[in-house]
$ cat entry.pdb   # PDB, C-alpha atoms
ATOM      1  CA  MET I1078      23.886  18.832   9.609
ATOM      2  CA  SER I1079      21.321  21.620   9.619
ATOM      3  CA  ILE I1080      17.634  21.022   9.068
ATOM      4  CA  SER I1081      17.563  22.845   5.753
ATOM      5  CA  SER I1082      20.428  20.819   4.282
ATOM      6  CA  THR I1083      18.813  17.539   5.416
ATOM      7  CA  PHE I1084      15.600  18.691   3.799
ATOM      8  CA  HIS I1085      17.480  19.618   0.654
ATOM      9  CA  LYS I1086      19.136  16.211   0.460
ATOM     10  CA  TRP I1087      15.864  14.357   1.004
ATOM     11  CA  GLY I1088      14.220  16.481  -1.655
ATOM     12  CA  SER I1089      16.814  15.523  -4.241
ATOM     13  CA  PRO I1090      15.415  12.803  -6.540
ATOM     14  CA  ARG I1091      18.915  11.599  -7.340
ATOM     15  CA  TRP I1092      19.882  11.156  -3.700
ATOM     16  CA  PHE I1093      16.544   9.482  -2.964
ATOM     17  CA  TYR I1094      16.992   7.117  -5.900
ATOM     18  CA  GLN I1095      20.421   5.992  -4.729
ATOM     19  CA  PHE I1096      19.447   5.716  -1.068
ATOM     20  CA  SER I1097      16.227   3.799  -1.755
ATOM     21  CA  GLY I1098      18.095   1.357  -4.006
ATOM     22  CA  ARG I1099      19.963   0.063  -0.974
ATOM     23  CA  LEU I1100      16.729  -0.457   0.989
ATOM     24  CA  LEU I1101      14.829  -2.347  -1.737
ATOM     25  CA  PRO I1102      16.155  -5.915  -1.246
ATOM     26  CA  TRP I1103      15.754  -5.720   2.549
ATOM     27  CA  LEU I1104      12.190  -4.463   2.321
ATOM     28  CA  ALA I1105      11.292  -7.120  -0.248
ATOM     29  CA  ILE I1106      12.726 -10.043   1.718
ATOM     30  CA  LEU I1107      11.503  -8.946   5.143
ATOM     31  CA  SER I1108       7.984  -8.048   4.004
ATOM     32  CA  LEU I1109       7.484 -11.319   2.121
ATOM     33  CA  LEU I1110       8.824 -13.360   5.052
ATOM     34  CA  LEU I1111       6.456 -11.637   7.493
ATOM     35  CA  LEU I1112       3.437 -11.753   5.162
ATOM     36  CA  VAL I1113       3.845 -15.391   4.135
ATOM     37  CA  GLY I1114       4.937 -16.531   7.600
ATOM     38  CA  GLY I1115       2.121 -14.674   9.359
ATOM     39  CA  ALA I1116      -0.462 -15.950   6.858
ATOM     40  CA  VAL I1117       0.610 -19.603   7.238
ATOM     41  CA  TRP I1118       0.633 -19.177  11.020
ATOM     42  CA  GLY I1119      -2.809 -17.577  11.059
ATOM     43  CA  LEU I1120      -4.329 -19.981   8.534
ATOM     44  CA  ALA I1121      -3.114 -23.287   9.871
ATOM     45  CA  PHE I1122      -1.810 -22.994  13.431
ATOM     46  CA  VAL I1123      -3.961 -20.580  15.431
ATOM     47  CA  PRO I1124      -6.978 -22.243  17.138
ATOM     48  CA  ALA I1125     -10.425 -21.372  15.797
ATOM     49  CA  ASP I1126     -12.402 -18.501  17.363
ATOM     50  CA  TYR I1127     -14.988 -19.684  19.907
ATOM     51  CA  LYS I1128     -17.706 -17.536  18.316
ATOM     52  CA  GLN I1129     -16.764 -17.123  14.659
ATOM     53  CA  GLY I1130     -15.164 -20.487  13.986
ATOM     54  CA  ASN I1131     -12.619 -20.286  11.152
ATOM     55  CA  SER I1132     -13.882 -17.222   9.275
ATOM     56  CA  PHE I1133     -11.864 -14.977  11.634
ATOM     57  CA  ARG I1134      -8.705 -16.134   9.805
ATOM     58  CA  ILE I1135      -9.570 -13.536   7.145
ATOM     59  CA  MET I1136      -8.478 -10.997   9.796
ATOM     60  CA  TYR I1137      -4.800 -11.673   9.054
ATOM     61  CA  ILE I1138      -5.193 -10.116   5.618
ATOM     62  CA  HIS I1139      -8.195  -7.805   6.191
ATOM     63  CA  VAL I1140      -6.799  -5.820   9.131
ATOM     64  CA  PRO I1141      -3.336  -5.215   7.588
ATOM     65  CA  ALA I1142      -4.896  -4.185   4.252
ATOM     66  CA  ALA I1143      -7.274  -1.730   5.963
ATOM     67  CA  ALA I1144      -4.671  -0.317   8.378
ATOM     68  CA  VAL I1145      -2.048   0.219   5.687
ATOM     69  CA  ALA I1146      -4.651   1.691   3.309
ATOM     70  CA  MET I1147      -5.317   4.367   5.946
ATOM     71  CA  GLY I1148      -1.628   4.845   6.751
ATOM     72  CA  ALA I1149      -0.890   5.165   3.047
ATOM     73  CA  TYR I1150      -3.547   7.860   2.726
ATOM     74  CA  MET I1151      -2.004   9.896   5.553
ATOM     75  CA  THR I1152       1.392   9.530   3.878
ATOM     76  CA  MET I1153      -0.128  10.742   0.596
ATOM     77  CA  ALA I1154      -1.811  13.729   2.270
ATOM     78  CA  THR I1155       1.435  14.609   4.104
ATOM     79  CA  ALA I1156       3.396  14.396   0.850
ATOM     80  CA  GLY I1157       0.752  16.634  -0.743
ATOM     81  CA  ALA I1158       1.147  19.208   2.030
ATOM     82  CA  ILE I1159       4.950  19.129   1.734
ATOM     83  CA  HIS I1160       4.626  19.632  -2.002
ATOM     84  CA  LEU I1161       2.266  22.583  -1.612
ATOM     85  CA  ILE I1162       4.242  24.310   1.145
ATOM     86  CA  TRP I1163       7.857  23.770   0.044
ATOM     87  CA  ARG I1164       7.244  22.912  -3.630
ATOM     88  CA  MET I1165       9.284  19.753  -3.235
ATOM     89  CA  LYS I1166       9.074  17.784  -6.485
ATOM     90  CA  LEU I1167       9.911  14.476  -4.841
ATOM     91  CA  ALA I1168       6.857  14.842  -2.585
ATOM     92  CA  ALA I1169       4.651  15.136  -5.679
ATOM     93  CA  MET I1170       6.194  11.934  -7.048
ATOM     94  CA  VAL I1171       5.580  10.111  -3.756
ATOM     95  CA  MET I1172       1.974  11.319  -3.780
ATOM     96  CA  LYS I1173       1.416  10.028  -7.297
ATOM     97  CA  ALA I1174       3.105   6.699  -6.476
ATOM     98  CA  ILE I1175       0.893   6.060  -3.443
ATOM     99  CA  ALA I1176      -2.536   6.481  -5.099
ATOM    100  CA  PRO I1177      -2.717   3.162  -7.029
ATOM    101  CA  ILE I1178      -1.165   1.206  -4.137
ATOM    102  CA  GLY I1179      -3.607   2.717  -1.641
ATOM    103  CA  ALA I1180      -6.565   2.110  -3.953
ATOM    104  CA  SER I1181      -5.565  -1.564  -4.285
ATOM    105  CA  LEU I1182      -5.238  -2.015  -0.514
ATOM    106  CA  THR I1183      -8.583  -0.289   0.126
ATOM    107  CA  PHE I1184     -10.205  -2.524  -2.478
ATOM    108  CA  LEU I1185      -8.721  -5.567  -0.716
ATOM    109  CA  SER I1186      -9.973  -4.434   2.697
ATOM    110  CA  LEU I1187     -13.500  -3.906   1.314
ATOM    111  CA  LEU I1188     -13.509  -7.237  -0.526
ATOM    112  CA  THR I1189     -12.085  -9.340   2.308
ATOM    113  CA  GLY I1190     -14.423  -7.516   4.712
ATOM    114  CA  ALA I1191     -17.444  -8.445   2.589
ATOM    115  CA  VAL I1192     -16.294 -12.059   2.353
ATOM    116  CA  TRP I1193     -15.755 -12.127   6.114
ATOM    117  CA  GLY I1194     -19.155 -10.503   6.731
ATOM    118  CA  LYS I1195     -21.132 -13.132   4.856
ATOM    119  CA  PRO I1196     -20.531 -16.097   7.203
ATOM    120  CA  THR I1197     -20.217 -13.854  10.289
ATOM    121  CA  TRP I1198     -23.008 -11.264   9.979
ATOM    122  CA  GLY I1199     -25.065 -13.061   7.321
ATOM    123  CA  THR I1200     -24.591 -10.277   4.772
ATOM    124  CA  TRP I1201     -21.917  -9.156   2.291
ATOM    125  CA  TRP I1202     -22.573  -5.464   2.757
ATOM    126  CA  VAL I1203     -24.261  -2.943   5.053
ATOM    127  CA  TRP I1204     -24.336   0.817   4.587
ATOM    128  CA  ASP I1205     -22.986   1.526   8.046
ATOM    129  CA  ALA I1206     -20.465   4.199   9.025
ATOM    130  CA  ARG I1207     -17.304   2.066   8.957
ATOM    131  CA  ILE I1208     -17.914   0.401   5.619
ATOM    132  CA  THR I1209     -19.271   3.528   3.915
ATOM    133  CA  SER I1210     -16.349   5.674   5.093
ATOM    134  CA  VAL I1211     -13.873   3.087   3.756
ATOM    135  CA  LEU I1212     -15.758   3.103   0.443
ATOM    136  CA  ILE I1213     -15.268   6.898   0.418
ATOM    137  CA  LEU I1214     -11.544   6.292   1.028
ATOM    138  CA  PHE I1215     -11.523   4.086  -2.073
ATOM    139  CA  PHE I1216     -13.207   6.843  -4.128
ATOM    140  CA  LEU I1217     -10.728   9.419  -2.789
ATOM    141  CA  TYR I1218      -7.845   7.286  -4.064
ATOM    142  CA  LEU I1219      -9.583   6.869  -7.433
ATOM    143  CA  GLY I1220     -10.161  10.637  -7.486
ATOM    144  CA  VAL I1221      -6.446  11.327  -7.032
ATOM    145  CA  ILE I1222      -5.597   8.861  -9.827
ATOM    146  CA  ALA I1223      -8.197  10.429 -12.149
ATOM    147  CA  LEU I1224      -7.006  13.978 -11.348
ATOM    148  CA  HIS I1225      -3.441  13.023 -12.233
ATOM    149  CA  GLN I1226      -4.620  11.843 -15.620
ATOM    150  CA  ALA I1227      -6.971  14.776 -16.226
ATOM    151  CA  PHE I1228      -4.227  17.420 -16.346
ATOM    152  CA  GLU I1229      -1.771  17.872 -19.197
ATOM    153  CA  ASN I1230       0.373  20.045 -16.982
ATOM    154  CA  ARG I1231       2.265  18.048 -14.358
ATOM    155  CA  ASP I1232       2.500  20.835 -11.764
ATOM    156  CA  ALA I1233      -1.181  21.708 -12.031
ATOM    157  CA  ALA I1234      -2.058  18.023 -11.587
ATOM    158  CA  ALA I1235       0.158  17.728  -8.515
ATOM    159  CA  LYS I1236      -1.384  20.834  -6.946
ATOM    160  CA  ALA I1237      -4.959  19.654  -7.538
ATOM    161  CA  CYS I1238      -4.155  16.171  -6.211
ATOM    162  CA  ALA I1239      -2.459  17.609  -3.134
ATOM    163  CA  VAL I1240      -5.523  19.701  -2.308
ATOM    164  CA  LEU I1241      -7.867  16.720  -2.785
ATOM    165  CA  ALA I1242      -5.605  14.458  -0.696
ATOM    166  CA  ILE I1243      -5.405  16.989   2.152
ATOM    167  CA  VAL I1244      -9.143  17.712   2.214
ATOM    168  CA  GLY I1245      -9.914  13.972   2.055
ATOM    169  CA  ALA I1246      -7.743  13.325   5.113
ATOM    170  CA  VAL I1247     -10.773  14.353   7.210
ATOM    171  CA  ASN I1248     -12.123  10.915   6.349
ATOM    172  CA  ILE I1249      -9.324   9.055   8.166
ATOM    173  CA  PRO I1250     -10.343   9.865  11.778
ATOM    174  CA  ILE I1251     -13.956   9.260  10.728
ATOM    175  CA  ILE I1252     -13.023   5.730   9.606
ATOM    176  CA  TYR I1253     -11.028   5.143  12.763
ATOM    177  CA  TRP I1254     -13.693   6.177  15.257
ATOM    178  CA  SER I1255     -16.753   5.258  13.178
ATOM    179  CA  VAL I1256     -17.292   2.020  15.096
ATOM    180  CA  GLU I1257     -17.496   3.964  18.352
ATOM    181  CA  TRP I1258     -19.432   7.034  17.177
ATOM    182  CA  TRP I1259     -22.207   5.173  15.371
ATOM    183  CA  TYR I1260     -24.028   1.903  15.751
ATOM    184  CA  SER I1261     -22.240  -0.616  13.537
ATOM    185  CA  LEU I1262     -22.138  -4.300  12.734
ATOM    186  CA  HIS I1263     -18.376  -3.902  12.525
ATOM    187  CA  GLN I1264     -16.597  -4.928  15.695
ATOM    188  CA  PRO I1265     -14.552  -2.260  17.528
ATOM    189  CA  ALA I1266     -10.758  -2.425  17.555
ATOM    190  CA  SER I1267      -9.385  -5.428  19.473
ATOM    191  CA  ILE I1268      -5.894  -4.014  19.776
ATOM    192  CA  SER I1269      -5.342  -1.245  22.288
ATOM    193  CA  PHE I1270      -2.139   0.722  22.796
ATOM    194  CA  THR I1271      -3.304   2.336  26.033
ATOM    195  CA  GLY I1272      -5.403  -0.335  27.750
ATOM    196  CA  GLU I1273      -5.609  -4.088  27.564
ATOM    197  CA  SER I1274      -6.184  -5.663  24.147
ATOM    198  CA  THR I1275      -9.301  -7.803  23.865
ATOM    199  CA  ILE I1276      -7.680 -10.264  21.495
ATOM    200  CA  HIS I1277      -5.962 -13.411  22.746
ATOM    201  CA  PRO I1278      -2.141 -13.287  22.448
ATOM    202  CA  SER I1279      -2.119 -16.481  20.347
ATOM    203  CA  MET I1280      -4.316 -14.712  17.776
ATOM    204  CA  LEU I1281      -2.472 -11.402  18.078
ATOM    205  CA  ARG I1282       1.070 -12.574  17.281
ATOM    206  CA  PRO I1283       0.442 -13.669  13.672
ATOM    207  CA  LEU I1284      -1.591 -10.472  13.164
ATOM    208  CA  MET I1285       1.411  -8.420  14.261
ATOM    209  CA  ALA I1286       3.508 -10.341  11.715
ATOM    210  CA  THR I1287       1.165  -9.708   8.764
ATOM    211  CA  LEU I1288       0.570  -6.103   9.884
ATOM    212  CA  CYS I1289       4.317  -5.335   9.976
ATOM    213  CA  GLY I1290       4.715  -7.316   6.746
ATOM    214  CA  MET I1291       2.061  -5.227   5.008
ATOM    215  CA  TYR I1292       3.622  -1.931   6.142
ATOM    216  CA  LEU I1293       7.004  -3.064   4.817
ATOM    217  CA  PHE I1294       5.420  -4.353   1.592
ATOM    218  CA  PHE I1295       3.801  -0.942   1.142
ATOM    219  CA  GLY I1296       7.176   0.703   1.759
ATOM    220  CA  TRP I1297       8.751  -1.537  -0.866
ATOM    221  CA  LEU I1298       6.063  -0.775  -3.469
ATOM    222  CA  LEU I1299       6.200   2.940  -2.629
ATOM    223  CA  LEU I1300       9.943   3.007  -3.341
ATOM    224  CA  LEU I1301       9.537   0.969  -6.549
ATOM    225  CA  TYR I1302       6.836   3.286  -7.946
ATOM    226  CA  THR I1303       8.562   6.497  -6.805
ATOM    227  CA  ARG I1304      11.805   5.383  -8.475
ATOM    228  CA  ILE I1305       9.976   4.790 -11.760
ATOM    229  CA  GLU I1306       8.438   8.255 -11.421
ATOM    230  CA  ILE I1307      11.929   9.702 -10.894
ATOM    231  CA  LEU I1308      13.291   7.958 -14.004
ATOM    232  CA  GLU I1309      10.379   9.180 -16.127
ATOM    233  CA  ARG I1310      10.618  12.792 -14.974
ATOM    234  CA  GLU I1311      14.400  13.067 -14.956
ATOM    235  CA  LYS I1312      14.931  11.194 -18.232
ATOM    236  CA  ASN I1313      16.714  14.165 -19.775
ATOM    237  CA  THR I1314      19.273  14.488 -17.002
ATOM    238  CA  ARG I1315      22.805  13.209 -17.348
ATOM    239  CA  TRP I1316      22.685  11.040 -14.201
ATOM    240  CA  VAL I1317      19.586   9.097 -15.290
ATOM    241  CA  GLN I1318      20.977   8.510 -18.775
ATOM    242  CA  ASP I1319      24.318   7.383 -17.333
ATOM    243  CA  LEU I1320      22.506   5.116 -14.890
ATOM    244  CA  ILE I1321      20.444   3.350 -17.557
ATOM    245  CA  CYS I1322      22.901   3.299 -20.453
ATOM    246  CA  GLY I1323      26.180   3.048 -18.536
ATOM    247  CA  GLU I1324      28.737   5.816 -18.079
ATOM    248  CA  SER I1325      31.135   4.466 -20.698
ATOM    249  CA  ARG I1326      28.991   5.349 -23.702
TER     250      ARG I1326
ATOM    251  CA  MET X 281      -1.093 -27.593  12.917
ATOM    252  CA  TYR X 282      -4.484 -26.794  14.425
ATOM    253  CA  PHE X 283      -6.396 -28.912  11.886
ATOM    254  CA  ASN X 284      -6.328 -32.703  11.933
ATOM    255  CA  SER X 285      -5.866 -33.157   8.192
ATOM    256  CA  VAL X 286      -5.163 -31.243   4.998
ATOM    257  CA  SER X 287      -8.757 -31.659   3.828
ATOM    258  CA  GLU X 288      -9.914 -30.144   7.114
ATOM    259  CA  LEU X 289      -7.517 -27.245   6.523
ATOM    260  CA  PHE X 290      -9.122 -26.677   3.112
ATOM    261  CA  SER X 291     -12.723 -26.970   4.252
ATOM    262  CA  MET X 292     -12.283 -25.140   7.600
ATOM    263  CA  SER X 293     -15.620 -26.612   8.724
ATOM    264  CA  GLY X 294     -17.549 -24.682   6.081
ATOM    265  CA  HIS X 295     -15.585 -21.414   6.107
ATOM    266  CA  GLY X 296     -12.825 -22.622   3.780
ATOM    267  CA  SER X 297     -14.177 -21.055   0.591
ATOM    268  CA  TYR X 298     -14.468 -17.604   2.239
ATOM    269  CA  VAL X 299     -11.040 -17.761   3.817
ATOM    270  CA  TRP X 300      -9.129 -19.185   0.845
ATOM    271  CA  PHE X 301     -10.865 -16.840  -1.602
ATOM    272  CA  SER X 302      -9.780 -13.849   0.528
ATOM    273  CA  TYR X 303      -6.163 -14.963   0.623
ATOM    274  CA  GLY X 304      -6.153 -15.908  -3.078
ATOM    275  CA  VAL X 305      -7.438 -12.528  -4.258
ATOM    276  CA  SER X 306      -5.093 -10.694  -1.877
ATOM    277  CA  ALA X 307      -2.057 -12.582  -3.186
ATOM    278  CA  LEU X 308      -3.197 -11.862  -6.746
ATOM    279  CA  VAL X 309      -3.645  -8.112  -6.170
ATOM    280  CA  LEU X 310      -0.325  -7.723  -4.324
ATOM    281  CA  ALA X 311       1.526  -9.722  -6.996
ATOM    282  CA  THR X 312      -0.111  -7.628  -9.737
ATOM    283  CA  LEU X 313       1.181  -4.421  -8.110
ATOM    284  CA  VAL X 314       4.728  -5.820  -8.266
ATOM    285  CA  ILE X 315       4.317  -6.993 -11.881
ATOM    286  CA  ILE X 316       2.973  -3.586 -12.985
ATOM    287  CA  ALA X 317       5.959  -1.913 -11.304
ATOM    288  CA  ARG X 318       8.378  -4.211 -13.154
ATOM    289  CA  ARG X 319       6.722  -3.550 -16.526
ATOM    290  CA  ARG X 320       6.616   0.208 -16.029
ATOM    291  CA  ARG X 321      10.251   0.159 -14.973
ATOM    292  CA  ALA X 322      11.252  -1.809 -18.092
ATOM    293  CA  ALA X 323       9.245   0.575 -20.307
ATOM    294  CA  ALA X 324      10.888   3.611 -18.681
ATOM    295  CA  GLU X 325      14.365   2.154 -19.209
ATOM    296  CA  GLN X 326      13.591   1.366 -22.831
ATOM    297  CA  HIS X 327      12.319   4.904 -23.374
ATOM    298  CA  ILE X 328      15.473   6.416 -21.876
ATOM    299  CA  ARG X 329      17.717   4.147 -23.995
ATOM    300  CA  ALA X 330      15.894   5.229 -27.157
ATOM    301  CA  LEU X 331      16.236   8.844 -26.066
ATOM    302  CA  VAL X 332      19.996   8.492 -25.592
ATOM    303  CA  ARG X 333      20.402   6.680 -28.931
ATOM    304  CA  ARG X 334      18.638   9.513 -30.718
ATOM    305  CA  LYS X 335      20.731  12.097 -28.919
ATOM    306  CA  ASP X 336      23.990  10.272 -29.722
ATOM    307  CA  ALA X 337      22.979   9.954 -33.371
ATOM    308  CA  THR X 338      22.387  13.693 -33.714
ATOM    309  CA  THR X 339      25.539  14.758 -31.873
ATOM    310  CA  SER X 340      27.883  12.417 -33.778
ATOM    311  CA  ASN X 341      26.905  13.895 -37.140
TER     312      ASN X 341
END
$ encode --input "entry.pdb" --output "structure tokens"
Amino acid sequence: MSISSTFHKWGSPRWFYQFSGRLLPWLAILSLLLLVGGAVWGLAFVPADYKQGNSFRIMYIHVPAAAVAMGAYMTMATAGAIHLIWRMKLAAMVMKAIAPIGASLTFLSLLTGAVWGKPTWGTWWVWDARITSVLILFFLYLGVIALHQAFENRDAAAKACAVLAIVGAVNIPIIYWSVEWWYSLHQPASISFTGESTIHPSMLRPLMATLCGMYLFFGWLLLLYTRIEILEREKNTRWVQDLICGESR
Amino acid sequence: MYFNSVSELFSMSGHGSYVWFSYGVSALVLATLVIIARRRRAAAEQHIRALVRRKDATTSN
């Protein structure tokens, strides 16, 4: 199959709707198993940290929320670019679907970070580079949501959101390296893909579970919201009406 | 289990309220995202059904 025909197929909302329908139950089951399993493991079975005591257990929800919030943003910016360059409608729907999910995950990472900071650093909040750049990420998501609602015209809204999402992507590497570029209360990354991780394997394994679980949960939500977007936009097409009302009408 | 008792698991030697609050709010937010999706989906289906009913009513006349 040539590249252009693959692209064409993926860009078809109808094909995407049918394909994603088969993935939904697997994503739901696997993500919930990993999230709940990893959380129970991290909450009750991993030994306490020698420095932080038990507050480090917040990590098993804080790190996945923050990592997926950033991954979701890059997905949104990529979808925005695809929409601008190839005018793919499905990409605009994906972009719109991601914004509220990403905003929720960013909110969770900020909130759990504050709650973790209180017993660990002695403060809920500091205006340092890591925390401020994640707050900007939250506002970027809110900006995309607000832009979508500000336009009557759907295509104009998608274009404006795509531009904002792409420009805002500058913030992602800033978040990632902020703990190394500037002085910060926030600890640097404990997981390394190139060198040796500074986190004990017994602490790392449940984190891997909740991290994978959160990515899959995001994938599940993304499909759910994109499918709703497809139904709403294609409501006048024969295939959507047959799908909802049955073909025998 | 790492803790010696259930009450120790809840208190986490003083950190329990921070930890359990974090997990509680996270579960709430994630569950809310799923519930919103279900409601929007139901509303979309209802809208499409009404649309089709109207269309069928006009074409059958």
$ atom_distance --input "entry.pdb" --atom1 "atom CA of Val1140 of chain I" --atom2 "atom CA of Leu1299 of chain I"
19.6 Å
$ closest_atom_pairs --input "entry.pdb" --of "chain X" --to "chain I" --cutoff "7 Å" --atoms "only C-alpha atoms" --output "tab-separated table"
residue	atom	partner	partner_atom	distance
X:Met281	CA	I:Phe1122	CA	4.7
X:Tyr282	CA	I:Phe1122	CA	4.8
X:Phe283	CA	I:Ala1121	CA	6.8
X:Leu289	CA	I:Ala1121	CA	6.8
X:Met292	CA	I:Asn1131	CA	6.0
X:His295	CA	I:Ser1132	CA	5.5
X:Tyr298	CA	I:Val1192	CA	5.8
X:Val299	CA	I:Ile1135	CA	5.6
X:Ser302	CA	I:Thr1189	CA	5.4
X:Ser306	CA	I:Leu1185	CA	6.4
X:Ala317	CA	I:Tyr1302	CA	6.3
X:Arg321	CA	I:Ile1305	CA	5.6
X:Ala324	CA	I:Glu1309	CA	6.1
X:Glu325	CA	I:Ile1321	CA	6.4
X:Ile328	CA	I:Lys1312	CA	6.0
X:Arg329	CA	I:Cys1322	CA	6.3
X:Val332	CA	I:Gln1318	CA	6.9
$ atom_distance --input "entry.pdb" --atom1 "atom CA of Met1285 of chain I" --atom2 "atom CA of Val1145 of chain I"
12.7 Å
$ atom_distance --input "entry.pdb" --atom1 "atom CA of Ala1143 of chain I" --atom2 "atom CA of Ser1210 of chain I"
11.7 Å
$ closest_residue --input "entry.pdb" --among "I:Ile1268, I:Met1153, I:Met1147, I:Met1172" --to "Met1280 of chain I" --atoms "only C-alpha atoms"
I:Ile1268
$ residues_near_point --input "entry.pdb" --point "(12.5, 0.5, 3.4)" --cutoff "8 Å" --atoms "all atoms listed in the file" --output "ChimeraX atom specification"
/I:1097,1100-1101,1103-1104,1293,1296-1297,1300
$ write_last_selection --input "entry.pdb" --atoms "C-alpha atoms" --output "tab-separated table (two decimals), keeping the file's coordinate frame"
chain	number	residue	atom	x	y	z
I	1097	SER	CA	16.23	3.80	-1.76
I	1100	LEU	CA	16.73	-0.46	0.99
I	1101	LEU	CA	14.83	-2.35	-1.74
I	1103	TRP	CA	15.75	-5.72	2.55
I	1104	LEU	CA	12.19	-4.46	2.32
I	1293	LEU	CA	7.00	-3.06	4.82
I	1296	GLY	CA	7.18	0.70	1.76
I	1297	TRP	CA	8.75	-1.54	-0.87
I	1300	LEU	CA	9.94	3.01	-3.34
$ closest_atom_pairs --input "entry.pdb" --of "segment 1098-1170 of chain I" --to "segment 1212-1232 of chain I" --cutoff "12 Å" --atoms "all atoms listed in the file" --output "Markdown table"
| residue | atom | partner | partner_atom | distance |
| --- | --- | --- | --- | --- |
| I:Ala1143 | CA | I:Leu1214 | CA | 10.3 |
| I:Ala1146 | CA | I:Leu1214 | CA | 8.6 |
| I:Met1147 | CA | I:Leu1214 | CA | 8.2 |
| I:Gly1148 | CA | I:Leu1214 | CA | 11.5 |
| I:Ala1149 | CA | I:Tyr1218 | CA | 10.2 |
| I:Tyr1150 | CA | I:Tyr1218 | CA | 8.1 |
| I:Met1151 | CA | I:Leu1214 | CA | 11.2 |
| I:Met1153 | CA | I:Tyr1218 | CA | 9.7 |
| I:Ala1154 | CA | I:Val1221 | CA | 10.7 |
| I:Gly1157 | CA | I:Val1221 | CA | 10.9 |
| I:His1160 | CA | I:Asp1232 | CA | 10.1 |
| I:Leu1161 | CA | I:Asp1232 | CA | 10.3 |
| I:Arg1164 | CA | I:Asp1232 | CA | 9.6 |
| I:Met1165 | CA | I:Asp1232 | CA | 11.0 |
| I:Lys1166 | CA | I:Asp1232 | CA | 9.0 |
| I:Leu1167 | CA | I:Asp1232 | CA | 12.0 |
| I:Ala1168 | CA | I:Asp1232 | CA | 11.8 |
| I:Ala1169 | CA | I:Asp1232 | CA | 8.6 |
| I:Met1170 | CA | I:Arg1231 | CA | 10.3 |
$ build_atoms --input "entry.pdb" --residues "segment 306-319 of chain X" --atoms "N, CA and C atoms" --output "short mmCIF file (atom, residue, chain, number, x, y, z; two decimals), keeping the file's coordinate frame"
data_model
loop_
_atom_site.label_atom_id
_atom_site.label_comp_id
_atom_site.auth_asym_id
_atom_site.auth_seq_id
_atom_site.Cartn_x
_atom_site.Cartn_y
_atom_site.Cartn_z
N SER X 306 -6.10 -11.60 -2.44
CA SER X 306 -5.09 -10.69 -1.88
C SER X 306 -3.73 -10.96 -2.49
N ALA X 307 -3.35 -12.24 -2.59
CA ALA X 307 -2.06 -12.58 -3.19
C ALA X 307 -2.01 -12.11 -4.63
N LEU X 308 -3.12 -12.26 -5.34
CA LEU X 308 -3.20 -11.86 -6.75
C LEU X 308 -3.01 -10.35 -6.90
N VAL X 309 -3.72 -9.58 -6.07
CA VAL X 309 -3.64 -8.11 -6.17
C VAL X 309 -2.24 -7.62 -5.81
N LEU X 310 -1.66 -8.16 -4.73
CA LEU X 310 -0.32 -7.72 -4.32
C LEU X 310 0.72 -8.09 -5.39
N ALA X 311 0.58 -9.30 -5.95
CA ALA X 311 1.53 -9.72 -7.00
C ALA X 311 1.38 -8.84 -8.23
N THR X 312 0.12 -8.47 -8.57
CA THR X 312 -0.11 -7.63 -9.74
C THR X 312 0.56 -6.26 -9.57
N LEU X 313 0.53 -5.72 -8.35
CA LEU X 313 1.18 -4.42 -8.11
C LEU X 313 2.68 -4.51 -8.39
N VAL X 314 3.30 -5.64 -8.02
CA VAL X 314 4.73 -5.82 -8.27
C VAL X 314 4.99 -5.98 -9.76
N ILE X 315 4.13 -6.76 -10.44
CA ILE X 315 4.32 -6.99 -11.88
C ILE X 315 4.17 -5.69 -12.67
N ILE X 316 3.16 -4.87 -12.31
CA ILE X 316 2.97 -3.59 -12.98
C ILE X 316 4.21 -2.71 -12.80
N ALA X 317 4.76 -2.71 -11.57
CA ALA X 317 5.96 -1.91 -11.30
C ALA X 317 7.12 -2.38 -12.19
N ARG X 318 7.28 -3.68 -12.33
CA ARG X 318 8.38 -4.21 -13.15
C ARG X 318 8.21 -3.82 -14.62
N ARG X 319 6.97 -3.90 -15.12
CA ARG X 319 6.72 -3.55 -16.53
C ARG X 319 6.95 -2.07 -16.79
#
